[in-house]
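Q: What follows is a single structure, and I will ask about it in a moment.
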Amino acid sequence: MVSYRVIGQPTPQTTVQGKVTGGAQYVADVSLPGMLGSAILRSTRSHARIIRIDTAAAELLPGVHVVMTGADVYGILVGRRFRDVPILANDKVRFIGERVAAVAADTREIAQQAVELIEVEYEDLPAVFDPVEALKDDAPLIHPDVNSYEGLPEKLDKPSNSYINDLSEKGDVDAGFAASDVIVENEFTVARVHQAYMEPHCCIAWLDEAGTMQVWAPSKAPHVLKQTLAAALRVPADQVRVNPISVGGDFGGKGAAMDEPLACYLAQRSRRPVKVAMDYTAELTAGAPRHAGVMRLKTGVMRDGTLVAHQLEAVFDGGAYGSVRPGPSLASAGNGAGCYRIPNARLEVKRVYTNNLPGGQMRAPAAPQGFFAAESHIDGVARAIGMDPYDFRMMNLIVDGEETVSGHRYDSIRAKETLQAAVDSAGYSAPKADGVGRGIAMAYRSPGSGESAVTVSLNTNGSVVVTTPVYDQGTGTYTTLRQVVAEELGLPLEHVQVSVVSTDDAPFDSGIGGSRGTRITTGSAYQAVTKARGMLLQTVADANGWPVDQLTVDGTDVVRRDTEERTAWADVLAKKGQPTKAEAVNIDNDQASVTAFTAQVAEVLVDRETGEVKLLRFTTAHDVGTVINPIGHQGQINGGVVQGIGYGLIEELAVENGLVLTTNLGEFKIPTIQDIPELRTVLLDPEAGVGPYNIKGIGENVNPPAAAAIANAVEDAIGVRVRDLPVTAERVYAELG
């Protein structure tokens, strides 16, 4: 194992002190001269044609500068990779909460008064709220023009509410079922959940004197936002600049544009800076929650426990629009086949338009849904043939040289080792009291791909600065960058600082998300500091007449190995009168050669009289690569576990006939410290990984199996299966009958 001085050392996130002291500046804190407030009129109908919008009274209200409707931005559709969202409703509305009109005024309060003066006449249209019903031939067609939308992955044979269809097949699934001794079928449903970040969406747009659209938004992918806005404004990308700002939490929800295109048009028309901010009611009723869905699974197995065939049919409620999330596909739901050796499989994942609020991105998109179904179902398969769920998994988990059901082949498969570590730590086989159950669940996820741009500057005053265009949403990216640079220069961490720049001041960077942050940014930082180090050595060699092949950087000095002479490199750069600066863009868009397995064991106590589920202990084991920062790594694990517990037991964005019923954080429950049991973490010794330090992802590896582990523990405790998330006391009680 490679020994490091800085990498692998527990390192607090010293670059985000402002978030705990109150010094960090968020979009809501920014105030520009002459800035206007705004308000948005939202639809009260699920599906309706707009007959008339009367804005006359709003326009006459003192203090109002701009009133906009869909007619002002007609035909402009926005999105990251797939574009189907109008900036303001064109001709008709498709969900309760859709933007219909917007006002920019001297204050937000005046803008809200103006919005209330706008009159809208609607003609109601048939609506559909169930994604399965939306698949039927006689269902109302929500997007007749779907085939014209830019970025649609594949043209449909005819317009349909089912606009994304990911299909993966392996072997002969029909023959596999025919050869099976036992066939087990289940249907599972998952609820919508909101990301529940502390900072609601908020943005500022200002068309400056030079004609550049200046934007402040808490986006974890500012360069991508720049591209989205340029397309929405129909201008070259160099006419849009996204400026650095703190991000008050993300969890996947701030990777695509929300109100930013509208803010830009309000700023363009008013010629004044405009702030557009959502309150939490708007977040919950018109945001972009994790998708609800229905998953049907069918598995064929031999009586000795050998898996033969597996079929998944997943239908996800995309809501009224598909491009509120960064990408069109939800193929990760194909994880509904789990981590197992299955020779015959058919996995089909559909994303379907309904008249509900649009679904969006949330930590490990589609994986929590898929693994909840897969790992709940696999328990049922084991029990159907009388096997312990642990033994059944150990028999069927993939090993080195085998591929996943979805067709990926990875190096250094450690699924069995990860499961063994979890059950050993959890005491899975220990005696249990009455009403206590233990449940196992597993997942895997490979680190994501993308592009990262980093500049490393060695300055004449001896300072070292890492420049990045990424806005850290809380995962510790800045600390990781500092660790890499400090490691490669032999410096203490405190000697390396981070500078965050706008999208004008750095090459394209795909941003944070998809578990790619550490994989991609460590690569770009390593490349940049290696290049800078080489340039520095050449500068010192030229200045001192030393042979460059005998030189090495040792912290603040350059050392000549053959004579042990040394010189402070800052002095050399000061004499030269210029810093040493190197830029690197790490482009790694290939599927990672490794994946990381997670195994979890939940221990619960269930009250048979009330259905109450109390989580007693939760154990999570991880197959890891090199851990860059143990503090940040453990923080990601703990946070992921808590989100998984919330998904399994508590959280549900309730929607009835298109109307969101949980409209504030008092009603939309998320876990508090009272809900968190004893947490145990087990890390396998690092083995294979990717990049210069052999790393694996962790941020999105933790939460996918948690809900299934809890549901499996409930069945182990009282013998009933809850197939619908969350596993509430009411649902448990109903199953007890």
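Chain labels follow the order of the structure tokens: the first chain is A, the next B, and so on; residue numbering restarts at 1 in every chain, and ligands are counted from 1 in their shown order.
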Please return, as JSON, numbers by chain, all residues of stretch 377-548 of chain A that DSSP assigns to strand (DSSP E or B) on the basis of the backbone.

A: {"A": [397, 403, 409, 411, 436, 437, 438, 439, 440, 441, 442, 443, 444, 445, 450, 451, 452, 453, 454, 455, 456, 457, 458, 464, 465, 466, 467, 468, 496, 497, 498, 499, 500]}

Q: With N, CA and C atoms retained, export the selected residues as a compact mmCIF listing (two decimals), in the first residue's frame.

A:
# COMPACT_ATOMS: atom_id res chain seq x y z
N LEU A 397 -24.10 -13.91 -5.34
CA LEU A 397 -23.41 -12.66 -5.63
C LEU A 397 -22.34 -12.87 -6.69
N GLU A 403 -20.03 -10.59 -14.96
CA GLU A 403 -20.62 -9.29 -15.23
C GLU A 403 -21.94 -9.12 -14.50
N ARG A 409 -18.80 -5.21 -16.71
CA ARG A 409 -17.77 -6.07 -16.13
C ARG A 409 -16.75 -5.18 -15.43
N ASP A 411 -13.31 -4.75 -12.55
CA ASP A 411 -12.15 -5.37 -11.92
C ASP A 411 -12.37 -5.47 -10.42
N VAL A 436 -37.91 -8.28 17.34
CA VAL A 436 -36.69 -7.73 16.76
C VAL A 436 -36.36 -8.49 15.48
N GLY A 437 -36.00 -7.75 14.45
CA GLY A 437 -35.62 -8.38 13.19
C GLY A 437 -34.38 -7.74 12.61
N ARG A 438 -33.68 -8.51 11.80
CA ARG A 438 -32.50 -7.99 11.10
C ARG A 438 -32.68 -8.22 9.61
N GLY A 439 -32.35 -7.19 8.84
CA GLY A 439 -32.49 -7.29 7.40
C GLY A 439 -31.22 -6.87 6.69
N ILE A 440 -30.93 -7.55 5.59
CA ILE A 440 -29.75 -7.28 4.78
C ILE A 440 -30.19 -6.64 3.47
N ALA A 441 -29.35 -5.76 2.95
CA ALA A 441 -29.53 -5.27 1.59
C ALA A 441 -28.17 -4.86 1.05
N MET A 442 -28.04 -4.93 -0.28
CA MET A 442 -26.77 -4.60 -0.93
C MET A 442 -27.01 -3.67 -2.12
N ALA A 443 -25.92 -3.02 -2.53
CA ALA A 443 -25.95 -2.18 -3.73
C ALA A 443 -24.53 -2.04 -4.24
N TYR A 444 -24.42 -1.53 -5.44
CA TYR A 444 -23.10 -1.20 -5.98
C TYR A 444 -23.25 0.03 -6.87
N ARG A 445 -22.16 0.76 -7.00
CA ARG A 445 -22.17 1.94 -7.87
C ARG A 445 -20.73 2.28 -8.22
N GLY A 450 -16.72 12.46 -16.32
CA GLY A 450 -16.92 13.86 -16.60
C GLY A 450 -15.63 14.58 -16.91
N GLU A 451 -15.69 15.91 -16.80
CA GLU A 451 -14.53 16.76 -17.07
C GLU A 451 -14.29 17.68 -15.87
N SER A 452 -13.02 17.93 -15.60
CA SER A 452 -12.66 18.81 -14.51
C SER A 452 -11.50 19.70 -14.92
N ALA A 453 -11.60 20.99 -14.58
CA ALA A 453 -10.56 21.95 -14.92
C ALA A 453 -9.96 22.53 -13.65
N VAL A 454 -8.64 22.45 -13.54
CA VAL A 454 -7.94 22.96 -12.35
C VAL A 454 -6.68 23.69 -12.80
N THR A 455 -6.38 24.79 -12.13
CA THR A 455 -5.11 25.50 -12.32
C THR A 455 -4.38 25.54 -10.99
N VAL A 456 -3.08 25.26 -11.02
CA VAL A 456 -2.24 25.36 -9.83
C VAL A 456 -1.21 26.46 -10.06
N SER A 457 -1.14 27.41 -9.13
CA SER A 457 -0.20 28.54 -9.22
C SER A 457 0.76 28.51 -8.05
N LEU A 458 2.06 28.52 -8.36
CA LEU A 458 3.10 28.68 -7.35
C LEU A 458 3.56 30.14 -7.46
N VAL A 464 0.64 28.96 -2.59
CA VAL A 464 0.19 28.01 -3.61
C VAL A 464 -1.33 28.10 -3.68
N VAL A 465 -1.85 28.31 -4.87
CA VAL A 465 -3.29 28.50 -5.04
C VAL A 465 -3.82 27.53 -6.08
N VAL A 466 -4.89 26.83 -5.71
CA VAL A 466 -5.61 25.95 -6.63
C VAL A 466 -6.85 26.69 -7.10
N THR A 467 -7.01 26.81 -8.40
CA THR A 467 -8.16 27.53 -8.95
C THR A 467 -9.13 26.54 -9.57
N THR A 468 -10.42 26.70 -9.24
CA THR A 468 -11.45 25.79 -9.73
C THR A 468 -12.72 26.58 -10.06
N VAL A 496 -1.70 25.57 1.12
CA VAL A 496 -2.41 25.52 -0.16
C VAL A 496 -3.79 26.13 0.02
N GLN A 497 -4.11 27.10 -0.82
CA GLN A 497 -5.40 27.76 -0.76
C GLN A 497 -6.19 27.48 -2.05
N VAL A 498 -7.49 27.76 -1.97
CA VAL A 498 -8.39 27.54 -3.11
C VAL A 498 -8.97 28.86 -3.56
N SER A 499 -8.99 29.07 -4.86
CA SER A 499 -9.65 30.23 -5.46
C SER A 499 -10.75 29.73 -6.37
N VAL A 500 -11.97 30.22 -6.14
CA VAL A 500 -13.13 29.80 -6.94
C VAL A 500 -13.44 30.92 -7.93

Q: Would you mind listing what lies within 10 Å of A:Tyr353 as number ranges by chain, with only C-alpha atoms counted and same-chain residues fewer than 2 positions away left out?

A: A: 94, 128-131, 134-135, 141-143, 160-164, 316-322, 350-351, 355-359

Q: I'd like to know which of A:Arg723, A:Pro705, A:Pro159, A:Ser3 is closest to A:Arg296, using only C-alpha atoms.

A: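 So, comparing all the options, the nearest one is A:Arg723.
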
Q: Find the nearest atom pair between each residue of stretch 233-347 of chain A and stretch 30-35 of chain A for residues within 9 Å, count only C-alpha atoms, give distances in Å to one decimal, sort rows by chain and ascending number, and present the table as JSON lines.

A:
{"residue": "A:Arg272", "atom": "CA", "partner": "A:Met35", "partner_atom": "CA", "distance": 6.1}
{"residue": "A:Pro273", "atom": "CA", "partner": "A:Met35", "partner_atom": "CA", "distance": 4.5}
{"residue": "A:Val274", "atom": "CA", "partner": "A:Met35", "partner_atom": "CA", "distance": 5.5}
{"residue": "A:Lys275", "atom": "CA", "partner": "A:Met35", "partner_atom": "CA", "distance": 7.1}

Q: Work out how far atom CA of A:Ala104 is from atom CA of A:Leu36, in Å to one decimal.

A: 6.0 Å

Q: Quick check, in Å to one decimal: how far apart do atom CA of A:Gly632 and atom CA of A:Thr479 lie?

A: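 Computing it gives 9.0 Å between the two atoms.
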
Q: Taking only C-alpha atoms into account, produce a table as a tab-separated table in which each residue of stretch 191-252 of chain A with an atom at most 9 Å from an atom of stretch 504-510 of chain A appears once, together with its shortest atom pair and the distance in Å to one decimal, ordered by chain and rising number.

A:
residue	atom	partner	partner_atom	distance
A:Lys220	CA	A:Ser510	CA	8.9
A:Ala221	CA	A:Ser510	CA	5.9
A:Pro222	CA	A:Ser510	CA	8.0
A:His223	CA	A:Phe508	CA	6.0
A:Val224	CA	A:Ser510	CA	6.5
A:Asp238	CA	A:Asp504	CA	7.6
A:Val240	CA	A:Asp504	CA	8.5
A:Arg241	CA	A:Asp504	CA	6.1
A:Val242	CA	A:Asp504	CA	7.8
A:Asn243	CA	A:Asp504	CA	8.6

Q: Could you pull the residues within 10 Å of stretch 664-672 of chain A, counting only C-alpha atoms, minus those fewer than 2 positions along the same chain, as a list in words?

A: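 Everything that qualifies: Val193, His194, Gln195, Ala196, Asp279, Tyr280, Thr281, Ala282, Glu283, Leu284, Thr285, Val642, Gln643, Gly644, Ile645, Gly646, Tyr647, Leu649, Ile650, Glu651, Glu652, Leu653, Ala654, Leu661, Thr662, Gln674, Asp675 and Ile676 of chain A.
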
Q: Filtering to C-alpha atoms, could you give me those residues as a short mmCIF file (atom, residue, chain, number, x, y, z; two decimals), in the first residue's frame?

A:
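The resulting file, again.cif, is reproduced below:
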data_model
loop_
_atom_site.label_atom_id
_atom_site.label_comp_id
_atom_site.auth_asym_id
_atom_site.auth_seq_id
_atom_site.Cartn_x
_atom_site.Cartn_y
_atom_site.Cartn_z
CA VAL A 193 -39.21 12.63 -1.73
CA HIS A 194 -37.75 16.12 -1.81
CA GLN A 195 -34.02 16.75 -1.40
CA ALA A 196 -34.75 19.01 1.61
CA ASP A 279 -39.99 29.76 -0.83
CA TYR A 280 -40.31 26.26 0.56
CA THR A 281 -43.93 25.93 -0.44
CA ALA A 282 -42.86 26.48 -4.04
CA GLU A 283 -39.97 24.04 -3.54
CA LEU A 284 -42.28 21.27 -2.38
CA THR A 285 -45.11 21.93 -4.83
CA VAL A 642 -29.55 9.16 7.35
CA GLN A 643 -31.08 9.93 3.96
CA GLY A 644 -31.60 6.21 3.38
CA ILE A 645 -33.34 5.90 6.75
CA GLY A 646 -35.57 8.84 5.87
CA TYR A 647 -36.46 7.25 2.53
CA LEU A 649 -39.24 5.04 7.18
CA ILE A 650 -40.40 8.64 7.05
CA GLU A 651 -40.26 10.73 3.91
CA GLU A 652 -43.09 11.10 1.42
CA LEU A 653 -44.09 14.06 -0.71
CA ALA A 654 -47.78 13.26 -0.76
CA LEU A 661 -50.45 17.89 0.15
CA THR A 662 -47.18 18.32 2.06
CA GLN A 674 -34.21 11.34 17.53
CA ASP A 675 -34.64 9.00 14.56
CA ILE A 676 -30.99 7.98 14.23
#

Q: Report as a ChimeraX atom specification: the residues of stretch 55-148 of chain A with a DSSP assignment of alpha helix (DSSP H), based on the backbone of this structure.

A: /A:56-60,108-117,131-134

Q: Of the candidates A:Leu262, A:Val720, A:Leu152, A:Val173, which shows the shortest atom-to-atom distance to A:Gln311, using only C-alpha atoms?

A: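 Checking each of A:Leu262, A:Val720, A:Leu152, A:Val173 against A:Gln311, counting only C-alpha atoms, the winner is A:Val173.
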